[in-house]
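Q: Contents are TSV, C-alpha atoms and all ligand atoms; file name query-v9.tsv:
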```
chain	number	residue	atom	x	y	z
A	12	MET	CA	-43.15	-177.32	-118.84
A	13	GLU	CA	-40.66	-175.18	-117.00
A	14	VAL	CA	-40.71	-177.56	-114.09
A	15	ASP	CA	-39.92	-180.47	-116.37
A	16	VAL	CA	-36.92	-178.70	-117.80
A	17	LEU	CA	-35.69	-177.86	-114.33
A	18	ARG	CA	-36.04	-181.43	-113.17
A	19	PHE	CA	-34.20	-182.65	-116.22
A	20	THR	CA	-31.24	-180.33	-115.67
A	21	ARG	CA	-31.10	-181.21	-112.01
A	22	ASN	CA	-31.01	-184.90	-112.79
A	23	GLY	CA	-28.46	-184.27	-115.49
A	24	PHE	CA	-26.30	-182.39	-113.05
A	25	GLY	CA	-26.61	-185.16	-110.48
A	26	ILE	CA	-25.55	-187.79	-112.96
A	27	TRP	CA	-22.67	-185.62	-114.00
A	28	VAL	CA	-21.47	-185.23	-110.42
A	29	LEU	CA	-21.78	-188.98	-109.89
A	30	PHE	CA	-19.78	-189.59	-113.05
A	31	ILE	CA	-16.97	-187.28	-111.90
A	32	TRP	CA	-16.99	-188.89	-108.49
A	33	ILE	CA	-16.70	-192.38	-109.99
A	34	SER	CA	-13.83	-191.34	-112.23
A	35	VAL	CA	-11.95	-189.73	-109.35
A	36	ILE	CA	-12.37	-192.80	-107.16
A	37	GLY	CA	-11.46	-194.97	-110.14
A	38	SER	CA	-8.20	-193.17	-110.75
A	39	VAL	CA	-7.19	-193.35	-107.09
A	40	PHE	CA	-7.78	-197.09	-107.08
A	41	SER	CA	-5.91	-197.73	-110.28
A	42	ARG	CA	-2.93	-196.01	-108.79
A	43	THR	CA	-2.84	-197.87	-105.51
A	44	ILE	CA	-3.19	-201.31	-107.01
A	45	SER	CA	-0.99	-200.17	-109.90
A	46	MET	CA	-3.06	-201.79	-112.60
A	47	ASP	CA	-2.89	-199.10	-115.20
A	48	PRO	CA	-4.96	-199.61	-118.32
A	49	ASP	CA	-3.14	-200.37	-121.55
A	50	PRO	CA	-0.28	-197.86	-121.41
A	51	CYS	CA	-0.31	-197.58	-125.18
A	52	ASP	CA	-3.99	-196.72	-125.44
A	53	SER	CA	-3.89	-193.26	-126.99
A	54	ASN	CA	-6.71	-192.15	-124.66
A	55	THR	CA	-4.42	-192.51	-121.70
A	56	GLU	CA	-1.77	-190.28	-123.26
A	57	MET	CA	-2.10	-187.02	-121.42
A	58	GLU	CA	-2.78	-184.10	-123.65
A	59	PHE	CA	0.31	-182.07	-124.18
A	60	TYR	CA	-1.04	-178.73	-123.01
A	61	LYS	CA	-2.13	-180.22	-119.70
A	62	LEU	CA	1.35	-181.34	-118.77
A	63	LYS	CA	3.31	-179.30	-116.26
A	64	GLN	CA	6.21	-177.46	-117.82
A	65	ASP	CA	8.00	-176.20	-114.76
A	66	GLN	CA	8.55	-179.55	-113.04
A	67	ILE	CA	9.80	-183.05	-113.77
A	68	THR	CA	8.80	-186.59	-112.89
A	69	VAL	CA	11.60	-188.82	-111.65
A	70	LEU	CA	11.52	-192.50	-112.60
A	71	ILE	CA	14.01	-194.47	-110.52
A	72	ASN	CA	14.71	-198.10	-111.19
A	73	GLY	CA	15.12	-200.20	-108.07
A	74	TYR	CA	16.09	-203.84	-108.03
A	75	SER	CA	18.62	-204.73	-105.41
A	76	GLU	CA	17.44	-205.04	-101.81
A	77	SER	CA	20.97	-204.43	-100.58
A	78	ARG	CA	20.88	-200.99	-102.13
A	79	ILE	CA	17.62	-199.94	-100.42
A	80	PRO	CA	19.32	-197.56	-97.95
A	81	LEU	CA	21.00	-195.82	-100.89
A	82	LEU	CA	17.72	-195.73	-102.81
A	83	GLN	CA	16.12	-194.02	-99.82
A	84	SER	CA	18.78	-191.38	-99.68
A	85	ILE	CA	18.50	-190.73	-103.42
A	86	VAL	CA	14.71	-190.43	-103.26
A	87	ALA	CA	14.96	-188.08	-100.27
A	88	SER	CA	17.44	-185.93	-102.12
A	89	TYR	CA	15.27	-185.68	-105.25
A	90	SER	CA	12.20	-184.99	-103.15
A	91	ALA	CA	13.88	-181.91	-101.70
A	92	SER	CA	13.95	-180.13	-105.04
A	93	PRO	CA	11.01	-177.88	-105.94
A	94	ILE	CA	11.34	-178.87	-109.59
A	95	VAL	CA	10.35	-182.46	-108.79
A	96	SER	CA	6.62	-183.03	-109.14
A	97	SER	CA	6.65	-186.71	-108.31
A	98	ILE	CA	8.99	-189.64	-107.90
A	99	LEU	CA	8.05	-193.08	-109.14
A	100	VAL	CA	10.21	-195.87	-107.80
A	101	LEU	CA	9.90	-198.71	-110.29
A	102	TRP	CA	10.72	-201.88	-108.44
A	103	GLY	CA	11.89	-204.43	-111.01
A	104	ASN	CA	12.71	-207.38	-108.80
A	105	PRO	CA	9.68	-209.69	-108.81
A	106	SER	CA	11.05	-211.89	-106.04
A	107	THR	CA	11.14	-209.14	-103.41
A	108	GLN	CA	8.61	-209.87	-100.69
A	109	ALA	CA	5.56	-207.64	-100.36
A	110	GLN	CA	6.48	-207.00	-96.71
A	111	VAL	CA	9.81	-205.48	-97.70
A	112	LEU	CA	8.11	-203.28	-100.27
A	113	ASP	CA	5.52	-202.11	-97.75
A	114	GLN	CA	8.32	-201.20	-95.38
A	115	LEU	CA	10.24	-199.52	-98.16
A	116	PHE	CA	7.23	-197.46	-99.18
A	117	HIS	CA	6.68	-196.42	-95.58
A	118	ASN	CA	10.32	-195.40	-95.26
A	119	LEU	CA	10.34	-193.52	-98.56
A	120	THR	CA	7.36	-191.38	-97.65
A	121	GLN	CA	8.66	-190.85	-94.11
A	122	HIS	CA	11.94	-189.44	-95.31
A	123	SER	CA	10.67	-187.30	-98.15
A	124	LEU	CA	11.75	-183.71	-97.71
A	125	GLY	CA	9.66	-181.67	-100.09
A	126	THR	CA	6.24	-181.64	-101.72
A	127	ALA	CA	6.97	-184.27	-104.36
A	128	SER	CA	4.60	-187.20	-104.28
A	129	ILE	CA	6.24	-190.60	-104.03
A	130	SER	CA	4.95	-193.85	-105.45
A	131	LEU	CA	6.39	-197.32	-105.33
A	132	ILE	CA	5.37	-199.44	-108.27
A	133	GLN	CA	6.04	-203.15	-108.37
A	134	GLN	CA	6.82	-203.96	-111.98
A	135	PRO	CA	4.98	-207.00	-113.32
A	136	SER	CA	8.23	-208.41	-114.71
A	137	SER	CA	11.95	-207.77	-114.54
A	138	SER	CA	12.01	-206.62	-118.17
A	139	LEU	CA	14.22	-203.59	-118.57
A	140	ASN	CA	11.76	-202.22	-121.09
A	141	ALA	CA	9.28	-201.67	-118.26
A	142	ARG	CA	11.17	-198.62	-117.02
A	143	PHE	CA	10.00	-196.75	-120.13
A	144	ILE	CA	6.32	-197.67	-119.93
A	145	PRO	CA	4.20	-194.51	-120.18
A	146	ARG	CA	2.08	-193.96	-117.08
A	147	PRO	CA	-1.02	-191.78	-116.65
A	148	SER	CA	0.35	-190.45	-113.37
A	149	ILE	CA	3.27	-188.76	-115.15
A	150	ASP	CA	1.92	-185.22	-115.39
A	151	THR	CA	5.02	-183.36	-116.53
A	152	ARG	CA	6.48	-182.77	-119.98
A	153	ALA	CA	9.91	-183.81	-118.77
A	154	VAL	CA	10.90	-187.06	-117.13
A	155	LEU	CA	14.16	-188.00	-115.50
A	156	ILE	CA	15.18	-191.63	-115.85
A	157	CYS	CA	17.75	-192.72	-113.30
A	158	ASP	CA	19.25	-195.64	-111.42
A	159	ASP	CA	19.33	-196.43	-107.75
A	160	ASP	CA	23.08	-196.02	-107.43
A	161	VAL	CA	23.71	-192.49	-108.64
A	162	GLU	CA	23.38	-189.41	-106.50
A	163	ILE	CA	23.60	-186.01	-108.09
A	164	ASP	CA	23.58	-182.67	-106.34
A	165	ARG	CA	20.47	-180.55	-106.44
A	166	ARG	CA	21.94	-177.58	-108.28
A	167	SER	CA	23.13	-179.81	-111.09
A	168	LEU	CA	19.69	-181.43	-111.30
A	169	GLU	CA	18.06	-178.04	-111.65
A	170	PHE	CA	20.70	-176.92	-114.11
A	171	ALA	CA	20.10	-180.03	-116.23
A	172	PHE	CA	16.40	-179.18	-116.30
A	173	LYS	CA	17.19	-175.69	-117.48
A	174	VAL	CA	19.34	-177.12	-120.25
A	175	TRP	CA	16.63	-179.59	-121.20
A	176	LYS	CA	14.06	-176.79	-121.49
A	177	SER	CA	16.05	-175.23	-124.30
A	178	ASN	CA	16.75	-178.67	-125.88
A	179	ALA	CA	13.40	-180.30	-125.29
A	180	ASP	CA	13.74	-182.85	-128.09
A	181	SER	CA	17.16	-184.05	-126.97
A	182	LEU	CA	18.19	-186.51	-124.33
A	183	VAL	CA	20.06	-184.62	-121.64
A	184	GLY	CA	22.52	-186.66	-119.62
A	185	VAL	CA	25.57	-186.60	-117.40
A	186	PHE	CA	27.26	-189.88	-118.33
A	187	PRO	CA	28.29	-189.99	-121.99
A	188	ARG	CA	29.31	-192.97	-124.10
A	189	SER	CA	29.90	-193.57	-127.79
A	190	HIS	CA	29.31	-195.85	-130.69
A	191	ASP	CA	32.07	-196.27	-133.20
A	192	PHE	CA	32.87	-198.29	-136.28
A	193	ASP	CA	35.57	-200.85	-135.73
A	194	LEU	CA	37.62	-201.10	-138.91
A	195	THR	CA	39.17	-204.43	-137.94
A	196	SER	CA	35.94	-206.28	-137.34
A	197	LYS	CA	33.99	-204.06	-139.70
A	198	GLY	CA	31.20	-203.67	-137.19
A	199	TRP	CA	29.74	-201.16	-134.80
A	200	MET	CA	31.12	-201.10	-131.30
A	201	TYR	CA	30.51	-199.45	-127.95
A	202	THR	CA	33.18	-197.26	-126.49
A	203	VAL	CA	34.13	-194.03	-124.76
A	204	HIS	CA	35.72	-191.16	-126.64
A	205	PRO	CA	37.52	-188.38	-124.82
A	206	ASP	CA	36.03	-185.62	-126.98
A	207	LYS	CA	32.73	-186.80	-128.41
A	208	TYR	CA	29.74	-188.89	-127.48
A	209	SER	CA	26.52	-190.23	-129.00
A	210	ILE	CA	24.88	-191.99	-126.06
A	211	VAL	CA	23.90	-190.87	-122.57
A	212	LEU	CA	23.31	-193.45	-119.87
A	213	THR	CA	20.16	-193.94	-117.81
A	214	LYS	CA	22.18	-193.26	-114.68
A	215	PHE	CA	20.81	-189.79	-115.38
A	216	MET	CA	18.75	-189.18	-118.51
A	217	MET	CA	16.31	-186.31	-118.86
A	218	MET	CA	13.89	-186.26	-121.77
A	219	LYS	CA	10.43	-185.39	-122.94
A	220	GLN	CA	7.71	-187.75	-121.87
A	221	ASP	CA	6.81	-188.46	-125.54
A	222	TYR	CA	9.84	-190.69	-125.87
A	223	LEU	CA	8.24	-193.15	-123.47
A	224	PHE	CA	5.47	-193.60	-126.03
A	225	GLU	CA	7.92	-193.72	-128.90
A	226	TYR	CA	9.87	-196.45	-127.17
A	227	SER	CA	7.02	-198.54	-125.81
A	228	CYS	CA	4.14	-198.01	-128.20
A	229	ARG	CA	5.24	-196.80	-131.57
A	230	GLY	CA	7.67	-197.91	-134.24
A	231	GLY	CA	5.72	-201.02	-135.21
A	232	ARG	CA	7.40	-204.37	-135.72
A	233	LYS	CA	10.90	-202.95	-135.81
A	234	MET	CA	10.61	-201.40	-132.35
A	235	GLU	CA	8.98	-204.58	-131.14
A	236	GLU	CA	11.93	-206.60	-132.37
A	237	MET	CA	14.39	-204.19	-130.79
A	238	ARG	CA	12.58	-204.31	-127.44
A	239	LYS	CA	12.85	-208.09	-127.70
A	240	ILE	CA	16.60	-207.77	-128.16
A	241	VAL	CA	16.73	-205.75	-124.93
A	242	ASP	CA	14.94	-208.59	-123.14
A	243	GLU	CA	17.17	-211.25	-124.64
A	244	MET	CA	20.34	-209.35	-123.79
A	245	GLY	CA	19.06	-208.27	-120.37
A	246	ASN	CA	20.73	-204.96	-121.18
A	247	CYS	CA	20.82	-202.02	-123.58
A	248	GLU	CA	17.43	-200.39	-122.98
A	249	ASP	CA	19.34	-197.14	-122.53
A	250	ILE	CA	21.09	-197.55	-125.88
A	251	LEU	CA	17.77	-198.23	-127.57
A	252	MET	CA	16.31	-195.05	-126.09
A	253	ASN	CA	19.27	-193.16	-127.57
A	254	PHE	CA	18.45	-194.73	-130.95
A	255	VAL	CA	14.82	-193.61	-130.61
A	256	ALA	CA	15.69	-190.00	-129.73
A	257	ALA	CA	18.49	-189.68	-132.28
A	258	ASP	CA	16.23	-191.07	-134.97
A	259	GLU	CA	13.71	-188.33	-134.25
A	260	THR	CA	16.11	-185.41	-133.78
A	261	ARG	CA	18.80	-186.50	-136.26
A	262	ALA	CA	21.19	-185.20	-133.63
A	263	GLY	CA	23.16	-186.45	-130.67
A	264	PRO	CA	22.29	-186.03	-126.99
A	265	VAL	CA	23.31	-183.13	-124.78
A	266	MET	CA	25.74	-183.65	-121.94
A	267	VAL	CA	25.66	-181.43	-118.90
A	268	GLY	CA	28.45	-181.17	-116.41
A	269	ALA	CA	27.39	-182.02	-112.89
A	270	GLU	CA	29.08	-180.43	-109.90
A	271	ARG	CA	28.93	-183.45	-107.68
A	272	VAL	CA	28.05	-186.97	-108.59
A	273	ARG	CA	28.28	-190.09	-106.56
A	274	ASP	CA	28.21	-193.19	-108.69
A	275	TRP	CA	28.00	-196.09	-106.30
A	276	GLY	CA	27.77	-198.53	-109.19
A	277	ASP	CA	31.33	-197.74	-110.14
A	278	PRO	CA	33.75	-199.82	-108.10
A	279	ARG	CA	36.49	-197.32	-108.82
A	280	ASN	CA	34.60	-194.68	-106.99
A	281	GLU	CA	34.32	-196.11	-103.54
A	282	GLY	CA	33.30	-193.27	-101.33
A	283	GLY	CA	34.99	-190.74	-103.56
A	284	GLU	CA	33.51	-187.90	-105.49
A	285	TYR	CA	34.67	-187.04	-108.95
A	286	ARG	CA	33.90	-184.81	-111.82
A	287	ASP	CA	32.51	-186.69	-114.81
A	288	GLY	CA	35.08	-186.99	-117.55
A	289	GLU	CA	37.85	-187.52	-115.04
A	290	GLU	CA	36.27	-190.82	-114.27
A	291	GLU	CA	36.44	-191.88	-117.90
A	292	ARG	CA	40.15	-191.29	-118.20
A	293	VAL	CA	40.79	-193.41	-115.14
A	294	ARG	CA	38.53	-196.08	-116.51
A	295	GLU	CA	40.30	-196.30	-119.85
A	296	VAL	CA	43.60	-197.22	-118.23
A	297	GLY	CA	42.59	-200.45	-116.62
A	298	LEU	CA	39.58	-202.10	-118.10
A	299	SER	CA	38.75	-205.14	-116.04
A	300	SER	CA	37.72	-208.24	-117.95
A	301	ARG	CA	34.21	-207.81	-116.57
A	302	ARG	CA	34.07	-204.37	-118.10
A	303	ARG	CA	35.46	-205.63	-121.38
A	304	GLU	CA	32.73	-208.25	-121.46
A	305	HIS	CA	30.14	-205.58	-120.69
A	306	ARG	CA	31.42	-203.42	-123.51
A	307	LYS	CA	31.32	-206.31	-125.97
A	308	ARG	CA	27.74	-207.03	-125.06
A	309	ARG	CA	26.78	-203.39	-125.55
A	310	GLY	CA	28.51	-203.43	-128.92
A	311	ARG	CA	26.41	-206.40	-129.91
A	312	CYS	CA	23.27	-204.46	-129.00
A	313	ILE	CA	24.33	-201.57	-131.22
A	314	ARG	CA	24.97	-203.95	-134.13
A	315	GLU	CA	21.62	-205.66	-133.60
A	316	PHE	CA	19.67	-202.39	-133.37
A	317	HIS	CA	21.44	-201.18	-136.48
A	318	ARG	CA	20.56	-204.36	-138.31
A	319	VAL	CA	16.87	-204.15	-137.39
A	320	MET	CA	16.54	-200.43	-138.02
A	321	GLY	CA	18.44	-200.66	-141.27
A	322	ARG	CA	20.42	-197.52	-140.52
A	323	MET	CA	22.59	-195.91	-137.87
A	324	PRO	CA	20.70	-193.00	-136.28
A	325	LEU	CA	23.26	-192.25	-133.54
A	326	ARG	CA	25.02	-188.91	-134.01
A	327	TYR	CA	27.99	-187.44	-132.23
A	328	SER	CA	27.84	-184.42	-129.96
A	329	TYR	CA	30.84	-182.48	-128.74
A	330	GLY	CA	31.50	-180.70	-125.51
A	331	LYS	CA	29.28	-180.30	-122.51
A	332	VAL	CA	27.13	-177.58	-121.07
A	333	VAL	CA	28.40	-176.36	-117.73
A	334	ASN	CA	27.01	-174.12	-115.09
A	335	SER	CA	29.97	-171.78	-114.83
A	336	VAL	CA	29.00	-170.59	-111.35
A	337	GLY	CA	29.43	-174.14	-110.12
A	338	GLU	CA	32.85	-174.81	-111.56
A	339	GLN	CA	35.33	-175.93	-108.96
A	340	GLY	CA	38.88	-177.07	-109.16
A	341	LEU	CA	39.86	-180.67	-108.61
A	342	CYS	CA	42.71	-181.35	-106.24
A	343	ASN	CA	44.80	-184.41	-105.74
A	344	LYS	CA	44.45	-185.74	-102.22
A	345	ALA	CA	46.32	-188.91	-101.42
A	346	GLY	CA	46.13	-189.97	-105.05
A	347	LYS	CA	42.43	-189.22	-105.34
A	348	LEU	CA	40.80	-186.34	-107.15
A	349	VAL	CA	38.58	-184.35	-104.82
A	350	PHE	CA	36.97	-180.95	-104.97
A	351	CYS	CA	39.50	-178.43	-103.75
A	352	ASP	CA	37.17	-176.96	-101.14
A	353	GLN	CA	37.13	-180.33	-99.39
A	354	ARG	CA	40.80	-180.65	-98.75
B	401	LIG	C1	12.98	-199.01	-93.11
B	401	LIG	O1	13.52	-198.23	-92.05
B	401	LIG	C2	13.81	-198.98	-90.88
B	401	LIG	C3	14.21	-198.01	-89.80
B	401	LIG	O2	15.14	-197.09	-90.24
B	401	LIG	C4	14.91	-200.00	-91.21
B	401	LIG	O3	15.22	-200.75	-90.07
B	401	LIG	C5	14.42	-200.91	-92.31
B	401	LIG	O4	15.46	-201.78	-92.70
B	401	LIG	C6	13.96	-200.12	-93.50
B	401	LIG	N1	13.39	-201.08	-94.42
B	401	LIG	C7	13.23	-200.88	-95.72
B	401	LIG	C8	12.74	-202.03	-96.53
B	401	LIG	O5	13.45	-199.84	-96.27
```
Can the structure from this file be put into structure tokens for me?
A:
Amino acid sequence: MEVDVLRFTRNGFGIWVLFIWISVIGSVFSRTISMDPDPCDSNTEMEFYKLKQDQITVLINGYSESRIPLLQSIVASYSASPIVSSILVLWGNPSTQAQVLDQLFHNLTQHSLGTASISLIQQPSSSLNARFIPRPSIDTRAVLICDDDVEIDRRSLEFAFKVWKSNADSLVGVFPRSHDFDLTSKGWMYTVHPDKYSIVLTKFMMMKQDYLFEYSCRGGRKMEEMRKIVDEMGNCEDILMNFVAADETRAGPVMVGAERVRDWGDPRNEGGEYRDGEEERVREVGLSSRRREHRKRRGRCIREFHRVMGRMPLRYSYGKVVNSVGEQGLCNKAGKLVFCDQR
């Protein structure tokens, strides 16, 4: 009798070990071939208490092969920070050859500076919605969504995380924009205000992981329709995320001041460094027609999202949170604003 019981428990234990082993192997495989199960399956949503609270996951969108050297430098810089648990490079260009991606992955891991793990994920389509897909490998409460053309200094990154921790339901960003109501056309529009904002861009957007689910999986038919608008416009996924967060918090995002930002996507910023806010004032003066077109398109997104949602959730915020230790003066050097210690 006793022997039987013993044999039973031994077998049970063996099966249990085998089961664990299979699930471990299974998870490793699913990561390498990047065929995650249904991202919206609630079983794949990591339980809240298991998520790391003292680190972030960085999701960087990559698309342009010409920007690969810049992407590498950005990934290396994020990987140097101890608050970064892992970096997921989401490659959204389906026509990039596998060889290039292999080489890129090799280079990314070669140049990583810290302990952050680095993955390169080939997106199944070029849909901009794919950057917000929840992924089982995201094991932190906070995620940072960013682009492949913005470099931010490490102290500002860590400061932004500190700010996010005390505003965990808000979007925390560095690049603010606004919605507004245009009295002439009697419609919503997209703009920049000098003193208030209601949108932060995905050039740098920190938020709780839950918003990935809110954006991609919840919200029923209305969210589905709005995600479709993003695909049709080939734009505005960042605005929609601001709608999602503002709708939950009934409040605007939080803007943090960064010490040093390089925005390579901004043609006015060739090689120069600037303090955010300064950039906006310069921008207002001479809007190129391309920019005007861009702004119009973004305004259309806001009107469409408003139509589908049936209300305007965006709220204004005022002012920005700054790390006073890092404040530096800006000096004019040959007509360019630079940090005074660089003169
Ligand atoms: C990888 O690094 C090598 C050597 O620095 C460089 O020649 C190559 O262009 C890089 N390729 C990619 C895809 O990152």
Q: Between A:Thr107, A:Tyr60, A:Arg302, A:Leu70, single out the one closest to A:Ile129, counting all atoms listed in the file.
A: A:Leu70
Q: Report as a VMD selection string which protein, DNA and RNA residues come within 7 Å of ligand LIG 401 (chain B), using all atoms listed in the file.
A: chain A and resid 79 to 80 111 to 112 114 to 115 118
Q: Out of A:His204, A:Arg142, A:Arg301, A:Lys233, which residue has the shortest atom-to-atom distance to A:His190 when counting only C-alpha atoms?
A: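 That would be A:His204, the residue with the smallest distance to A:His190.
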Q: Residues at most 7 Å from stretch 148-157 of chain A, counting all atoms listed in the file, excluding those fewer than 5 positions away in the same chain, as a PyMOL selection string?
A: chain A and resi 62-64+66-72+213-220
Q: Restricting the calculation to only C-alpha atoms: of A:Met200, A:Met237, A:Val265, A:Ile250, which residue gets closest to A:Lys176?
A: A:Val265
Q: In Å, with one decimal, what is the gap from atom CA of A:Ala257 to atom CA of A:Val332?
A: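 Going from atom CA of A:Ala257 over to atom CA of A:Val332 covers 18.6 Å.
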Q: Enter the distance from atom CA of A:Asp242 to atom CA of A:Arg314, in Å, rounded to one decimal.
A: 15.6 Å
Q: So what do you get for atom CA of A:Tyr226 versus atom CA of A:Thr202, distance-wise?
A: 23.3 Å
Q: Find, counting all atoms listed in the file, the residue in A:Phe186, A:Phe224, A:Phe192, A:Tyr327 that gets nearest to A:Val161.
A: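 Checking each candidate against A:Val161, we get A:Phe186 as the closest.
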Q: Which one of A:Ser92, A:Ser328, A:Asn246, A:Gln110 sits closest to A:Ile163 if you count all atoms listed in the file?
A: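 Closest to A:Ile163, using all atoms listed in the file: A:Ser92.
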Q: Return the padded bounding box of stretch 96-101 of chain A as AutoDock Vina command-line options: axis-aligned, built from all atoms listed in the file, 4 Å added on each side, with centre and edge lengths in Å to one decimal.
A:
```
--center_x 8.4 --center_y -190.9 --center_z -109.0 --size_x 11.6 --size_y 23.7 --size_z 10.5
```
Q: Residues within 9 Å of A:Arg308, please, as a list in words. Count all atoms listed in the file; anything in the same chain fewer than 6 positions from it doesn't count.
A: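 Near neighbours after the sequence-gap exclusion: Tyr201, Met244, Asn246 and Cys247 of chain A.
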